[in-house]
Amino acid sequence: MRLSVNIDHVATVRQARRAREPEPVTAAALAELAGADGITVHLRGDRRHMQDRDLRLLRDVVSTRLNVEMAATDEMMSIASQLKPDQVTLVPEEPGEVTTTGGLDVAANHDAISAAVGRLQEAGIVASLFVDPDPEQVSAAGPTGATAVEINTGPYADAPVARQAAEIVKIQQAARQARADGLEVLGGHGLTYVNVGPVAAIPEIVELNIGHSIIARAVLVGLERAVREMMALVR
Ligand code: PXP
């Protein structure tokens with residue numbers, strides 16, 4: 001199982017103060033040193049966290065695989081064609097949402113999504129679609145020309161404990177279906193140190209994409225050292 005680390009929230013902390021630190025590119029290098037198989041960032045239309053400059057720096061520095069989540073807009077497809085990340089994951093984007101709220105409606109937007117996939121592939125970029133674990137959406141993915149899907153694990157992560165087993169079954173079935181269609185299968189959204197186990201055990205899923213929980217833990221496990229270092233300076 002590969003792990004791609006989503007470092008959006010390093011930029012969230014920086015943007016909260018419009019400051020110079022922390023630099024996402026430094027976080028990417030540290031994640032790679034720790035063994036991450038890839039780095040993921042989401043370039044949102046509103047530039048809430050990642051900025052265009054971050055993507056240019058990351059493209060230069062990331063030596064594993066750079067995966068950029070984007071909406072299938074003209075603006076984003078032009079940026080991707082110039083930047084040439086290793087992979088683009090097409091995601092829906094709603095104005096004002098706190099985070100991505102669900103998978104793409106691939107079935108209803110076949111033409112627009114196929115056109116975006118075509119533009120990415122012309123630029124030599126692997127195209128992946130973020131889809132809910134729903135048979136209709138999974139079966140609509142292959143015909144767009146995309147070669148990978150990322151199955152939305154958010155409904156499983158958000159489910160009360162009593163419903164989690166049923167949500168895992170949906171992810172297993174979606175993963176099996178996508179693999180049978182010849183797609184590479186990834187998963188992500190809402191995964192934590194507590195809930196990742198059953199998803200990591202699904203054999204068809206080859207990569208997980210995890211952000212919030214890793215950055216949240218980094219803040220806590222790193223705080224003691226950070227305080228000690230400042231104490232040494234102020235005393
Ligand atoms: N996959 C997709 C498509 C996402 O939009 C996100 C959040 O940016 C993630 C995975 C990572 O989710 P989380 O931050 O909850 O680990």
# chains A, B, ... in the order shown; residues from 1 in each chain; ligands from 1
>>> residues_near_ligand(ligand="ligand 1", cutoff="6 Å", atoms="only C-alpha atoms and all ligand atoms", output="ChimeraX atom specification")
/A:42,91,100,130,188-191,209-213
>>> atom_distance(atom1="atom CA of Arg228 of chain A", atom2="atom CA of Ala36 of chain A")
27.4 Å
>>> atom_distance(atom1="atom CA of Val138 of chain A", atom2="atom CA of Leu186 of chain A")
12.3 Å
>>> closest_residue(among="A:Gly38, A:Pro135, A:Gly142, A:Gly103", to="Pro85 of chain A", atoms="only C-alpha atoms")
A:Gly38
>>> atom_distance(atom1="atom CA of Asp132 of chain A", atom2="atom CA of Gly102 of chain A")
6.6 Å
>>> closest_residue(among="A:Val61, A:Ile125, A:Val98, A:Val199", to="Asn152 of chain A", atoms="only C-alpha atoms")
A:Val199
>>> select_by_dssp(residues="segment 91-176 of chain A", states="helix (DSSP H, G or I)", output="compact mmCIF listing (two decimals) with C-alpha atoms, in the first residue's frame")
# COMPACT_ATOMS: atom_id res chain seq x y z
CA HIS A 110 -19.50 12.61 -18.70
CA ASP A 111 -18.69 15.11 -21.46
CA ALA A 112 -17.04 17.76 -19.27
CA ILE A 113 -15.05 15.19 -17.30
CA SER A 114 -13.95 13.32 -20.45
CA ALA A 115 -12.77 16.62 -21.97
CA ALA A 116 -10.73 17.42 -18.84
CA VAL A 117 -9.26 13.89 -18.78
CA GLY A 118 -8.31 14.30 -22.45
CA ARG A 119 -6.50 17.59 -21.76
CA LEU A 120 -4.58 16.04 -18.87
CA GLN A 121 -3.57 13.01 -20.90
CA GLU A 122 -2.39 15.20 -23.82
CA PRO A 135 -21.71 1.36 -8.55
CA GLU A 136 -23.23 3.91 -10.97
CA GLN A 137 -20.38 6.39 -10.46
CA VAL A 138 -17.67 3.72 -10.60
CA SER A 139 -19.02 2.31 -13.87
CA ALA A 140 -19.11 5.83 -15.36
CA ALA A 141 -15.40 6.38 -14.60
CA GLY A 142 -13.74 4.10 -17.19
CA PRO A 143 -15.63 5.53 -20.20
CA THR A 144 -14.20 9.02 -19.49
CA GLY A 154 -15.50 10.03 3.80
CA PRO A 155 -18.90 8.33 4.32
CA TYR A 156 -17.11 5.44 6.12
CA ALA A 157 -15.03 7.87 8.20
CA ASP A 158 -18.11 9.90 9.17
CA VAL A 161 -19.56 2.85 14.60
CA ALA A 162 -22.65 0.72 14.01
CA ARG A 163 -22.68 1.64 10.28
CA GLN A 164 -18.95 1.43 9.59
CA ALA A 165 -18.97 -2.24 8.56
CA ALA A 166 -21.66 -1.55 5.96
CA GLU A 167 -19.70 1.43 4.63
CA ILE A 168 -16.54 -0.71 4.34
CA VAL A 169 -18.47 -3.26 2.29
CA LYS A 170 -19.46 -0.48 -0.15
CA ILE A 171 -15.80 0.55 -0.49
CA GLN A 172 -14.72 -3.08 -1.01
CA GLN A 173 -17.35 -3.58 -3.71
CA ALA A 174 -16.48 -0.31 -5.43
CA ALA A 175 -12.77 -1.19 -5.36
CA ARG A 176 -13.43 -4.62 -6.85
>>> residues_around(residues="Pro95 of chain A", least_positions_apart="5", cutoff="10 Å", atoms="only C-alpha atoms", output="PyMOL selection string")
chain A and resi 44-46
>>> select_by_dssp(residues="segment 40-160 of chain A", states="strand (DSSP E)", output="list in words")
Thr40, Val41, His42, Leu66, Asn67, Val68, Glu69, Met70, Gln87, Val88, Thr89, Leu90, Val126, Ala127, Ser128, Leu129, Phe130, Val131, Ala148, Val149, Glu150, Ile151 and Asn152 of chain A
>>> residues_around(residues="Leu30 of chain A", least_positions_apart="4", cutoff="12 Å", atoms="only C-alpha atoms", output="PyMOL selection string")
chain A and resi 5+7+23-26+34-39+61-63+218
>>> write_last_selection(atoms="C-alpha atoms", output="mmCIF file, in the first residue's frame")
data_model
loop_
_atom_site.group_PDB
_atom_site.id
_atom_site.type_symbol
_atom_site.label_atom_id
_atom_site.label_comp_id
_atom_site.auth_asym_id
_atom_site.auth_seq_id
_atom_site.Cartn_x
_atom_site.Cartn_y
_atom_site.Cartn_z
ATOM 1 C CA VAL A 5 0.511 12.687 2.166
ATOM 2 C CA ILE A 7 -0.024 18.753 2.959
ATOM 3 C CA GLU A 23 6.405 26.383 3.744
ATOM 4 C CA PRO A 24 4.537 23.408 2.245
ATOM 5 C CA VAL A 25 7.581 22.544 0.139
ATOM 6 C CA THR A 26 9.622 21.977 3.318
ATOM 7 C CA ALA A 34 9.929 9.808 6.333
ATOM 8 C CA GLY A 35 9.094 7.474 3.433
ATOM 9 C CA ALA A 36 5.927 8.931 1.888
ATOM 10 C CA ASP A 37 5.302 7.548 -1.593
ATOM 11 C CA GLY A 38 3.771 10.772 -2.829
ATOM 12 C CA ILE A 39 2.670 14.299 -2.015
ATOM 13 C CA VAL A 61 11.321 19.603 -5.262
ATOM 14 C CA VAL A 62 9.015 16.564 -4.984
ATOM 15 C CA SER A 63 10.981 13.531 -6.054
ATOM 16 C CA ALA A 218 2.247 16.516 13.590
#
>>> residues_around(residues="Leu43 of chain A", least_positions_apart="4", cutoff="9 Å", atoms="only C-alpha atoms", output="PDB file with C-alpha atoms, in the first residue's frame")
ATOM      1  CA  ASP A   8      -2.803  21.334   2.320  1.00  0.00           C
ATOM      2  CA  ARG A  47      -6.687  29.660  -3.230  1.00  0.00           C
ATOM      3  CA  ARG A  48      -7.695  29.166   0.390  1.00  0.00           C
ATOM      4  CA  HIS A  49      -4.538  27.216   1.241  1.00  0.00           C
ATOM      5  CA  MET A  50      -2.194  26.212  -1.587  1.00  0.00           C
ATOM      6  CA  GLN A  51      -0.979  29.043  -3.836  1.00  0.00           C
ATOM      7  CA  ASP A  52       0.253  28.780  -7.430  1.00  0.00           C
ATOM      8  CA  LEU A  55       2.781  24.183  -6.818  1.00  0.00           C
ATOM      9  CA  VAL A  68      -2.798  17.671  -7.521  1.00  0.00           C
ATOM     10  CA  GLU A  69      -6.510  17.705  -6.727  1.00  0.00           C
ATOM     11  CA  MET A  70      -8.414  20.125  -8.923  1.00  0.00           C
ATOM     12  CA  ALA A  71     -11.862  20.968 -10.219  1.00  0.00           C
ATOM     13  CA  MET A  76      -7.220  24.412 -13.621  1.00  0.00           C
TER      14      MET A  76
END
>>> closest_residue(among="A:Ala27, A:Val88, A:Ala123, A:Met230", to="Ala148 of chain A", atoms="only C-alpha atoms")
A:Val88
>>> decode(residues="segment 185-196 of chain A", atoms="N, CA, C and O atoms", output="PDB file, in the first residue's frame")
ATOM      1  N   VAL A 185      -6.865   1.685  -8.352  1.00  0.00           N
ATOM      2  CA  VAL A 185      -7.803   2.086  -7.293  1.00  0.00           C
ATOM      3  C   VAL A 185      -7.058   2.697  -6.112  1.00  0.00           C
ATOM      4  O   VAL A 185      -6.170   2.074  -5.529  1.00  0.00           O
ATOM      5  N   LEU A 186      -7.444   3.923  -5.804  1.00  0.00           N
ATOM      6  CA  LEU A 186      -6.900   4.645  -4.660  1.00  0.00           C
ATOM      7  C   LEU A 186      -8.056   4.930  -3.704  1.00  0.00           C
ATOM      8  O   LEU A 186      -9.227   4.735  -4.069  1.00  0.00           O
ATOM      9  N   GLY A 187      -7.717   5.423  -2.507  1.00  0.00           N
ATOM     10  CA  GLY A 187      -8.783   5.755  -1.562  1.00  0.00           C
ATOM     11  C   GLY A 187      -8.358   6.921  -0.702  1.00  0.00           C
ATOM     12  O   GLY A 187      -7.168   7.169  -0.516  1.00  0.00           O
ATOM     13  N   GLY A 188      -9.342   7.643  -0.191  1.00  0.00           N
ATOM     14  CA  GLY A 188      -9.004   8.716   0.722  1.00  0.00           C
ATOM     15  C   GLY A 188     -10.181   9.570   1.097  1.00  0.00           C
ATOM     16  O   GLY A 188     -11.251   9.506   0.490  1.00  0.00           O
ATOM     17  N   HIS A 189      -9.949  10.357   2.115  1.00  0.00           N
ATOM     18  CA  HIS A 189     -10.835  11.360   2.723  1.00  0.00           C
ATOM     19  C   HIS A 189     -11.280  10.899   4.093  1.00  0.00           C
ATOM     20  O   HIS A 189     -11.893   9.853   4.230  1.00  0.00           O
ATOM     21  N   GLY A 190     -10.902  11.680   5.093  1.00  0.00           N
ATOM     22  CA  GLY A 190     -11.357  11.431   6.459  1.00  0.00           C
ATOM     23  C   GLY A 190     -10.648  10.288   7.161  1.00  0.00           C
ATOM     24  O   GLY A 190     -11.067   9.899   8.256  1.00  0.00           O
ATOM     25  N   LEU A 191      -9.590   9.749   6.572  1.00  0.00           N
ATOM     26  CA  LEU A 191      -8.919   8.612   7.223  1.00  0.00           C
ATOM     27  C   LEU A 191      -8.046   9.111   8.376  1.00  0.00           C
ATOM     28  O   LEU A 191      -7.419  10.179   8.278  1.00  0.00           O
ATOM     29  N   THR A 192      -8.037   8.322   9.447  1.00  0.00           N
ATOM     30  CA  THR A 192      -7.302   8.702  10.661  1.00  0.00           C
ATOM     31  C   THR A 192      -6.490   7.504  11.151  1.00  0.00           C
ATOM     32  O   THR A 192      -6.626   6.385  10.635  1.00  0.00           O
ATOM     33  N   TYR A 193      -5.686   7.749  12.204  1.00  0.00           N
ATOM     34  CA  TYR A 193      -4.914   6.661  12.819  1.00  0.00           C
ATOM     35  C   TYR A 193      -5.849   5.589  13.377  1.00  0.00           C
ATOM     36  O   TYR A 193      -5.478   4.434  13.490  1.00  0.00           O
ATOM     37  N   VAL A 194      -7.080   5.974  13.701  1.00  0.00           N
ATOM     38  CA  VAL A 194      -8.030   5.040  14.309  1.00  0.00           C
ATOM     39  C   VAL A 194      -8.797   4.229  13.252  1.00  0.00           C
ATOM     40  O   VAL A 194      -9.020   3.036  13.419  1.00  0.00           O
ATOM     41  N   ASN A 195      -9.168   4.878  12.142  1.00  0.00           N
ATOM     42  CA  ASN A 195     -10.081   4.184  11.216  1.00  0.00           C
ATOM     43  C   ASN A 195      -9.413   3.655   9.946  1.00  0.00           C
ATOM     44  O   ASN A 195     -10.084   3.063   9.097  1.00  0.00           O
ATOM     45  N   VAL A 196      -8.104   3.844   9.777  1.00  0.00           N
ATOM     46  CA  VAL A 196      -7.475   3.498   8.496  1.00  0.00           C
ATOM     47  C   VAL A 196      -7.357   1.981   8.273  1.00  0.00           C
ATOM     48  O   VAL A 196      -7.356   1.527   7.110  1.00  0.00           O
TER      49      VAL A 196
END
